[in-house]
Each structure stands twice: as C-alpha cells, then as structure tokens.
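For reference, the structure is listed below as structure tokens.
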2 protein chains.
Amino acid sequence: MAGGQGTRFWPASRRARPKQFLRIAGKQTMLQETVARLRGLCRPEHIVIVTGAEHLRLARAQARGVPAANFIGEPVGRSTAPCIGVAAQWIAARAPEALMVVLPADHAIRDARGFRATLRRALRIAAGGEHLVTIGIPPSRPEVGYGYIELGEPLPGEGSGAHAAAAFHEKPSRATAEDYCESGRFLWNSGVFVWRAGTFRAALERHLPQTAAALRPLAAARTRRAFDLALRRAYRRVEAISVDHGVMEKADRVAVVTAEFDWNDVGSWAAMAELWQVDDSGNAVRGEAVVLDALGNVVLAERRIVAVLGVDGLIVVDTPDALLVCDKSRAQDVRKIVQELDRRGRRRVL
Amino acid sequence: MAGGQGTRFWPASRRARPKQFLRIAGKQTMLQETVARLRGLCRPEHIVIVTGAEHLRLARAQARGVPAANFIGEPVGRSTAPCIGVAAQWIAARAPEALMVVLPADHAIRDARGFRATLRRALRIAAGGEHLVTIGIPPSRPEVGYGYIELGEPLPGEGSGAHAAAAFHEKPSRATAEDYCESGRFLWNSGVFVWRAGTFRAALERHLPQTAAALRPLAAARTRRAFDLALRRAYRRVEAISVDHGVMEKADRVAVVTAEFDWNDVGSWAAMAELWQVDDSGNAVRGEAVVLDALGNVVLAERRIVAVLGVDGLIVVDTPDALLVCDKSRAQDVRKIVQELDRRGRRRVL
C-alpha cells in the first residue's frame, strides 16, 4: 500500500511526491525500504504495489525490482479496504491459493530480521485459511493516536504465540490508553495483515458486500487496459473505509501475532524525528544546522544552513521553495498549512 | 557613519552587506534613507560618508547623489570617536568653519520633517561654536540597552528648548531606567551630534589627544591617495572608543536638543519588527507567509513561502542560503551564530 498524500510532511512531501517516496526516514525512500525488508521472504515478482495513479511512474522508478505489471494505480484514494480488495482480486486472479501480506509503504521498521520472523509466524497461521491475521505491536507508551487490539485466548497449536483478537478499539482517551498499557493485553494495531487472498475476499463479500461487488469485475479483466478500466468503474462505487473498521472489527476469526520488531508509523514530523539521531540536548538534526541554547528541536536542512537559537520543541523543515516552523505539539496540524496554501492557489508548493 | 558589521541581522546581513546597506527597515536601504532624510537641509555635495574600506563600492553605488570623493573608507572599524575625527579633519580641511551633523546610517526615522526641524534647532546652537550638541530622544519605555543623557539647566536664549547636558549615563539597570523615565529629566542618547568641525577637533585634542594626534596628518593630505595612506597609518595608532565615552562624557559644554521625531536604532531583529506592519495577532511579516495559530512572531520571507504554525514570539529570517529561527528574547545573540559559522569555516554564509 503506497497510497496517501502525506500532507502532514509538508513541505518535504508534496502532492507529486508524498512521504512514502521520500528519503526522510532512512537512507532509501520508505517504499524502497519496505520492498527491501521483504528480501528472503517474498520474490520481487510477487510484490504488488498499489498507489495513486498519479504516482505510478514514481513508484515504478523507485521499486525497480518489481515488474512494471505489478503496479496498480488507484484513480482516487478510498482508504485501505478498497485498496486491499483490489490487490486481493489481482492476486487471486493469478494465484487463487496465494498467501498475501499487506504492508503500508510508509512505516519505519529497522529490524528486518525480526520483521520477517514475525511474518513467518503469521503466515503459518494464515496458511490454514481460517484466519485473518493482524500484527500487533507491544505498546511502548500510552499513545492516544493509535488503534488498539485487545488480546483474547491464545490460539491452539504449540508455540505460535498468537492470540485470537477479542476486540478492536479506536483511538482511546489518555486514561484508557494508560490502562491498556498496564494490562499487557492490548497491542497497537500496526496495519500489517496476513491472510490467504481468498480468505480476505470472502470476508470482504460478507462485511463490505457493496465494495466486494464493485471490485468483482476486476477478476475477469484479462488485459492491463481492461483492468484499469474496471478499476476506474469500481472506484466510482466503493466507499472510503478502512480495512480495520470495515472488515477486521466485524470478522469472526481474527488472529493477532505479536511483533518482534521495532515499529514507527511515522505519522508526523514529531514521530519522524524519533528515527533520527538525537544530540545531547534532544535535538534531531538532518543536514547542516547551527543549534545554540535549544532543546528538543527537529531540524531538516536540505541545502541551506539552518540556525536555531534559544528555542525549544520546534519542528523546522527547510526545502528549496518552502519552509515550515511549527511547534512539535502541532505536528498533526501541518495539513492545515497545506489547506491554506491550496486556498491561496499556491499550487507550486503543494 | 555607515560602518559596522551588523552581525545581529544575520542571515539578512552579511559581512559583504551589513544592515545599513539593506532594504529591511523601509523601502530603500538604511543608508539611502539616511541620505534622503537630509533633503532640504544639506546639499548632497556636502555629505561625507565614512564606511568600511571593503564597503566603499557598495556605499557609492547606493548613495548616488553624493560625489565619489566624499566617501571615506576606514581600514578597520574603531568605534565612533576616530570615525567622526576623520570626517572632522576631512571637512575642516575644506571648510574650516563648517557646521557638521553626525548621523548613524543605520537608524530608522520616519518623520523626516520633524527630524530636520530638530537638526535646525541644534544647528543654531552649534553655530555659536561653543557647544557640542547632541540630540536626545524622549524615552518611550525603560529601555536598558541604551545610554541616557541627564538634562541640566535650560540653555539661555529664547525658545531653543535645549538644555545643558548634566551627565551621560551608561546602560542602566531596569529599576534605574524606570526612575529615569518617570523623572522626565533623562533622554536616550541617539548618537546624532551637531557641532562646528573645529569645535569637535578642539574637543578631540583635549579629551583624546592620542587619537587627535594620530589623525592630524590627515589635514595635510592633498590627494586622495595621500589621504588614504595617512588614514591607514593613523588607524594603526588610534584606539577603539566611542565618541560618547571618549569625548561627550568629558566635555564641558554639551547641549542637548530634544528630538521631535520618531527614532528606532534598529539594534536587533526584535527592534526591526517594530518598523513593520503587524497583524491582529502581533505578527510582523515581510514576504509571503502562512501564519496559523501564532502570536507575536517576526517573519522575513525573501523568496520562498514560510509557514509558521502554533509558535509564539519567534524570529524567522529566511534567505536563499541560510535560515534563522530564534526566540525574540535572544535577538541580541544572533551574533553568536555568526561566530559559530565563522569557527566552522562557513565563510560563504558569513
């Protein structure tokens, strides 16, 4: 899943180049790192990348090992349920029994070995064909911005370490999040899923029948052109709904595998900075900066020198044609700036 | 007086182009506005501009109406007493009886009419040849960054509105500054002086005899080349000392004329912003900026869009190759950044 506009990462991210296509979390772009992380687990020919139609060329240029035919361009973003449904159709049409791993292309995971080990455990459960498997992240803080999965009974079978999902909980209050963390029975919902393509298609038919019906013609499309045409038609009818809300929360047999890897969904500049090196004063700097008497700032200097003096907890993102200065606590609101620039008609910097 | 490095205005000001040569306070550069302010009071042929030798070309290019021969390039900055001494020699050699007005080229004064009216009052007193006349600014706040002049007895003579200067006081404590403001007997020392060139030369001989002796050969220099050579020689011997400290504080007959004009010495970015238009939230913006949920910020956007979100009391100065983000309370410390960049050898942005 390489969709999304990444407006929270303006001005580094732009409409033409959202977060997943940027080299801001690691050495490669987030899409490239997501592909690279699968090495040894999945052959490049078996990777399918769904992105916005306007980003197809960029995605192909970045994920070079993946065959050009495996890129799917959504005419418009409709959240994750339709996106995954399209991919499931595409995969099932070629390999009806295929196991399918769903990965957001804009999460940061450093421990690729632990990541693959976790996926292998999930794949073993998903291979049974009964379960929709989700990967849960042990919470490191009472985060109120994430969804949580409540663990039920351990799954039968020796050493799977997996549980049935008792319930999905939306973003909790602070107090609730603290309770979740203390209890040890709640995991963050990572947005990483594993299942048989057919199992997911069946779940989609049951829980989102309209969306499933809209996507059904995709299975019959024999050519690229026919597929794209069917996709455009389907997207006129599908509703925008997340797979968590539309499918996972309603499905009967959901299994949770606990992640054995680090994870950062990189939801804002504040989260991004957790991936960068931090100096003794808690400043995370990329590029050349002079930081004096300043604590806990995030500075991205692309080409110019950035000087920061006597300020704390700021996000400073410098690009050749636009600059952002923002309080860390407002990192989620950067999209408001993009909206304002849109309103002003400043398309050049959107 | 168009000397000074203006490091407090980095990154807008650079070694090659200090504050007085920038278009940041008004529509023209500060030097140009200083020259323009004299229209009707002084013919351009009678304006003498003293600047750093490295800035002679720039000064000439900006002050076009002033004859090229009237520019003096100091080999090195030595504060105001030597600078004014050099100009007094230059003027006295050409017109021994000349009245001389000393003006810093980096102060902002909007009311040119009031400015000239005040200078005319000062010139009438200076014409007597007895007094060194200084212009005092009625304080609008208990500023601790300025020097103060204590008013003595009113000068005899009808309606001059001038006083003898009882004493000069260095930068006071907060409490003292508040007392000064309440008393009504203290004015800010503006750094604007009026006197006969010969009167100042005599005062220099008396109170700074070494400096006066070093500068004496300038009077005999018949050619430009001879003058510049004598100047370089003299500057090896003069000490760096302000005219306030070196002459005014010690002189017997100092008169103070109260200014009838607005005045801003533009000592930092925080002071600069007082000259700009301010929006309802107290933000002073030059250039294109998106300012959301932000109070009392100073933003200079030269060519790029600057977005400011959820921050208060910041100075953001954006230039093509360097950017400053600084708390307003630290505006005086911007020079520390310049020092650090110098230490790093980043001469390109100094």
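Convention: chains lettered A, B, ... in structure tokens order; per-chain residue numbering from 1; ligands numbered from 1 as shown.
Proximity to chain B at a cut-off of 6 Å picks out Arg304, Ile305, Val306, Ala307, Val308, Leu309, Gly310, Val311, Asp321, Ala322, Leu323, Leu324, Val325, Cys326 and Asp327 of chain A on chain A, counting only C-alpha atoms.
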Generate the output file for the selected residues, C-alpha atoms, as a PDB file, in the first residue's frame.
ATOM      1  CA  ARG A 304      20.894  25.645   3.205  1.00  0.00           C
ATOM      2  CA  ILE A 305      22.302  26.323   6.628  1.00  0.00           C
ATOM      3  CA  VAL A 306      19.671  26.441   9.335  1.00  0.00           C
ATOM      4  CA  ALA A 307      20.485  28.320  12.539  1.00  0.00           C
ATOM      5  CA  VAL A 308      18.339  27.738  15.609  1.00  0.00           C
ATOM      6  CA  LEU A 309      18.834  29.890  18.705  1.00  0.00           C
ATOM      7  CA  GLY A 310      17.100  29.806  22.066  1.00  0.00           C
ATOM      8  CA  VAL A 311      14.054  27.811  21.020  1.00  0.00           C
ATOM      9  CA  ASP A 321      10.944  26.640  -2.079  1.00  0.00           C
ATOM     10  CA  ALA A 322       9.112  26.397   1.233  1.00  0.00           C
ATOM     11  CA  LEU A 323       9.879  26.420   4.924  1.00  0.00           C
ATOM     12  CA  LEU A 324       7.940  25.156   7.926  1.00  0.00           C
ATOM     13  CA  VAL A 325       8.340  26.317  11.533  1.00  0.00           C
ATOM     14  CA  CYS A 326       5.924  24.503  13.823  1.00  0.00           C
ATOM     15  CA  ASP A 327       5.551  23.597  17.452  1.00  0.00           C
TER      16      ASP A 327
END
Exercise for the section: Please give the complete set of residues from stretch 197-331 of chain A that DSSP, run on the backbone, assigns to strand (DSSP E), formatted as a PyMOL selection string. Expected result: chain A and resi 254-258+284-286+289-292+298-301+305-309+314-318+322-327
Exercise for the section: Among the residues of stretch 150-312 of chain B, find those DSSP assigns to helix (DSSP H, G or I) from the backbone and print them as a PyMOL selection string. Expected result: chain B and resi 174-183+197-207+209-220+224-237+243-248+269-273
Handout entry: Which of B:Leu215, B:Leu123, B:Val144, B:Ala81 sits closest to B:Ala240 [using only C-alpha atoms]
Key = B:Ala81
Exercise for the section: Kindly indicate which residue among B:Val278, B:Leu204, B:Ala259, B:Ala25 lies nearest to B:Ala117, using only C-alpha atoms for the distances. Expected result: B:Ala259
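One distance worth recording is that between atom CA of B:Val86 and atom CA of B:His207, which is 15.6 Å.
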Exercise for the section: Compile the contact shell of A:Arg15 as a PyMOL selection string: residues with an atom at most 9 Å away, counting only C-alpha atoms, same-chain residues fewer than 3 positions apart removed. Expected result: chain A and resi 5-7+18+349-350
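The residue that comes closest to A:Ala53, out of A:Arg232, A:Arg39, A:Arg185, A:His169 and on the basis of only C-alpha atoms, is A:Arg232.
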Practice task
Using only C-alpha atoms, determine which residues lie at most 9 Å from B:Thr211, disregarding the query and same-chain residues fewer than 5 positions distant; provide the list as a ChimeraX atom specification.
Solution key: /B:81-82,85,204-205,216,234-235,237-239
Could you take the residues named above and write them with all heavy atoms, as a compact mmCIF listing (two decimals), in the first residue's frame?
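Wrote it out as again-v6.txt, contents follow:
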# COMPACT_ATOMS: atom_id res chain seq x y z
N ALA B 81 34.53 57.50 17.83
CA ALA B 81 35.37 58.69 18.02
C ALA B 81 36.37 58.87 16.86
O ALA B 81 36.43 59.96 16.27
CB ALA B 81 36.10 58.63 19.37
N PRO B 82 37.15 57.83 16.48
CA PRO B 82 38.05 58.01 15.33
C PRO B 82 37.29 58.30 14.04
O PRO B 82 37.70 59.16 13.25
CB PRO B 82 38.78 56.66 15.25
CG PRO B 82 38.69 56.11 16.64
CD PRO B 82 37.35 56.55 17.16
N GLY B 85 36.30 61.77 14.04
CA GLY B 85 37.52 62.57 13.96
C GLY B 85 38.04 62.68 12.53
O GLY B 85 38.43 63.75 12.07
N LEU B 204 38.42 66.93 20.67
CA LEU B 204 39.17 65.68 20.48
C LEU B 204 40.61 65.86 20.96
O LEU B 204 41.17 64.99 21.64
CB LEU B 204 39.14 65.29 19.00
CG LEU B 204 39.48 63.83 18.66
CD1 LEU B 204 38.40 62.89 19.17
CD2 LEU B 204 39.65 63.66 17.14
N GLU B 205 41.21 67.02 20.62
CA GLU B 205 42.58 67.31 21.06
C GLU B 205 42.67 67.27 22.58
O GLU B 205 43.64 66.78 23.14
CB GLU B 205 43.01 68.71 20.56
CG GLU B 205 43.24 68.81 19.06
CD GLU B 205 44.58 68.20 18.61
OE1 GLU B 205 45.36 67.75 19.47
OE2 GLU B 205 44.82 68.17 17.38
N ARG B 216 45.92 63.98 12.95
CA ARG B 216 46.34 65.31 12.49
C ARG B 216 46.93 65.31 11.07
O ARG B 216 46.60 66.20 10.28
CB ARG B 216 47.33 65.91 13.50
CG ARG B 216 47.10 67.40 13.73
CD ARG B 216 47.94 67.91 14.88
NE ARG B 216 47.51 67.43 16.18
CZ ARG B 216 48.33 67.07 17.18
NH1 ARG B 216 49.63 67.11 17.03
NH2 ARG B 216 47.84 66.66 18.33
N ALA B 234 47.19 56.31 10.42
CA ALA B 234 46.54 56.81 11.64
C ALA B 234 45.82 55.68 12.37
O ALA B 234 45.89 55.56 13.60
CB ALA B 234 45.54 57.92 11.28
N TYR B 235 45.14 54.81 11.59
CA TYR B 235 44.33 53.76 12.22
C TYR B 235 45.16 52.68 12.89
O TYR B 235 44.64 51.85 13.62
CB TYR B 235 43.32 53.18 11.22
CG TYR B 235 41.96 53.87 11.34
CD1 TYR B 235 41.87 55.26 11.23
CD2 TYR B 235 40.80 53.16 11.61
CE1 TYR B 235 40.66 55.90 11.37
CE2 TYR B 235 39.58 53.80 11.75
CZ TYR B 235 39.51 55.17 11.64
OH TYR B 235 38.31 55.81 11.80
N ARG B 237 47.26 53.53 15.00
CA ARG B 237 47.54 54.12 16.31
C ARG B 237 46.30 54.48 17.12
O ARG B 237 46.39 54.58 18.34
CB ARG B 237 48.41 55.38 16.13
CG ARG B 237 49.82 55.09 15.62
CD ARG B 237 50.49 56.35 15.11
NE ARG B 237 50.55 57.39 16.14
CZ ARG B 237 50.71 58.69 15.89
NH1 ARG B 237 50.82 59.11 14.64
NH2 ARG B 237 50.76 59.56 16.88
N VAL B 238 45.18 54.70 16.47
CA VAL B 238 44.01 55.14 17.24
C VAL B 238 43.43 53.98 18.04
O VAL B 238 43.49 52.83 17.63
CB VAL B 238 42.89 55.72 16.34
CG1 VAL B 238 43.40 56.93 15.58
CG2 VAL B 238 42.32 54.68 15.40
N GLU B 239 42.91 54.33 19.21
CA GLU B 239 42.23 53.30 19.99
C GLU B 239 40.76 53.28 19.60
O GLU B 239 40.20 54.29 19.16
CB GLU B 239 42.38 53.56 21.49
CG GLU B 239 41.75 54.85 21.95
CD GLU B 239 41.77 55.02 23.47
OE1 GLU B 239 41.59 54.01 24.18
OE2 GLU B 239 41.94 56.16 23.94
Handout entry: Selection: 12 Å around B:Ala164, only C-alpha atoms, excl. self and same-chain fewer than 6 positions, as JSON, numbers by chain
Key = {"B": [125, 130, 131, 132, 133, 134, 135, 136, 149, 150, 151, 152, 153, 154, 155, 156, 185, 186, 248, 251, 252, 253, 254, 255, 256, 257, 258]}
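Counting only C-alpha atoms, A:Ala98 has the following residues at most 10 Å away, ignoring those fewer than 5 positions along the same chain: His46, Ala88, Ile91, Ala92, Ala93, Ala127, Trp195, Arg196, Ala197, Gly198 and Thr199 of chain A.
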How would the residues just picked look written out with C-alpha atoms as a short mmCIF file (atom, residue, chain, number, x, y, z; two decimals), in the first residue's frame?
data_model
loop_
_atom_site.label_atom_id
_atom_site.label_comp_id
_atom_site.auth_asym_id
_atom_site.auth_seq_id
_atom_site.Cartn_x
_atom_site.Cartn_y
_atom_site.Cartn_z
CA HIS A 46 5.34 -11.47 -6.19
CA ALA A 88 -6.65 -9.37 -3.40
CA ILE A 91 -3.52 -11.74 -6.72
CA ALA A 92 -6.40 -14.22 -6.61
CA ALA A 93 -6.81 -13.95 -10.39
CA ALA A 127 -1.92 -20.75 5.69
CA TRP A 195 -4.11 -13.94 5.04
CA ARG A 196 -4.97 -16.03 2.04
CA ALA A 197 -6.24 -13.80 -0.75
CA GLY A 198 -9.36 -15.95 -0.93
CA THR A 199 -9.98 -15.69 2.80
#
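Residues surrounding stretch 173-178 of chain B within 8 Å are Arg141, Pro142, Glu143, Val144 and Glu182 of chain B [only C-alpha atoms; sequence separation below 4 positions excluded].
Across A:Gly52, A:Pro67, A:Pro75, A:Gly129, the tightest approach to A:Ala202 is made by A:Gly129 when counting only C-alpha atoms.
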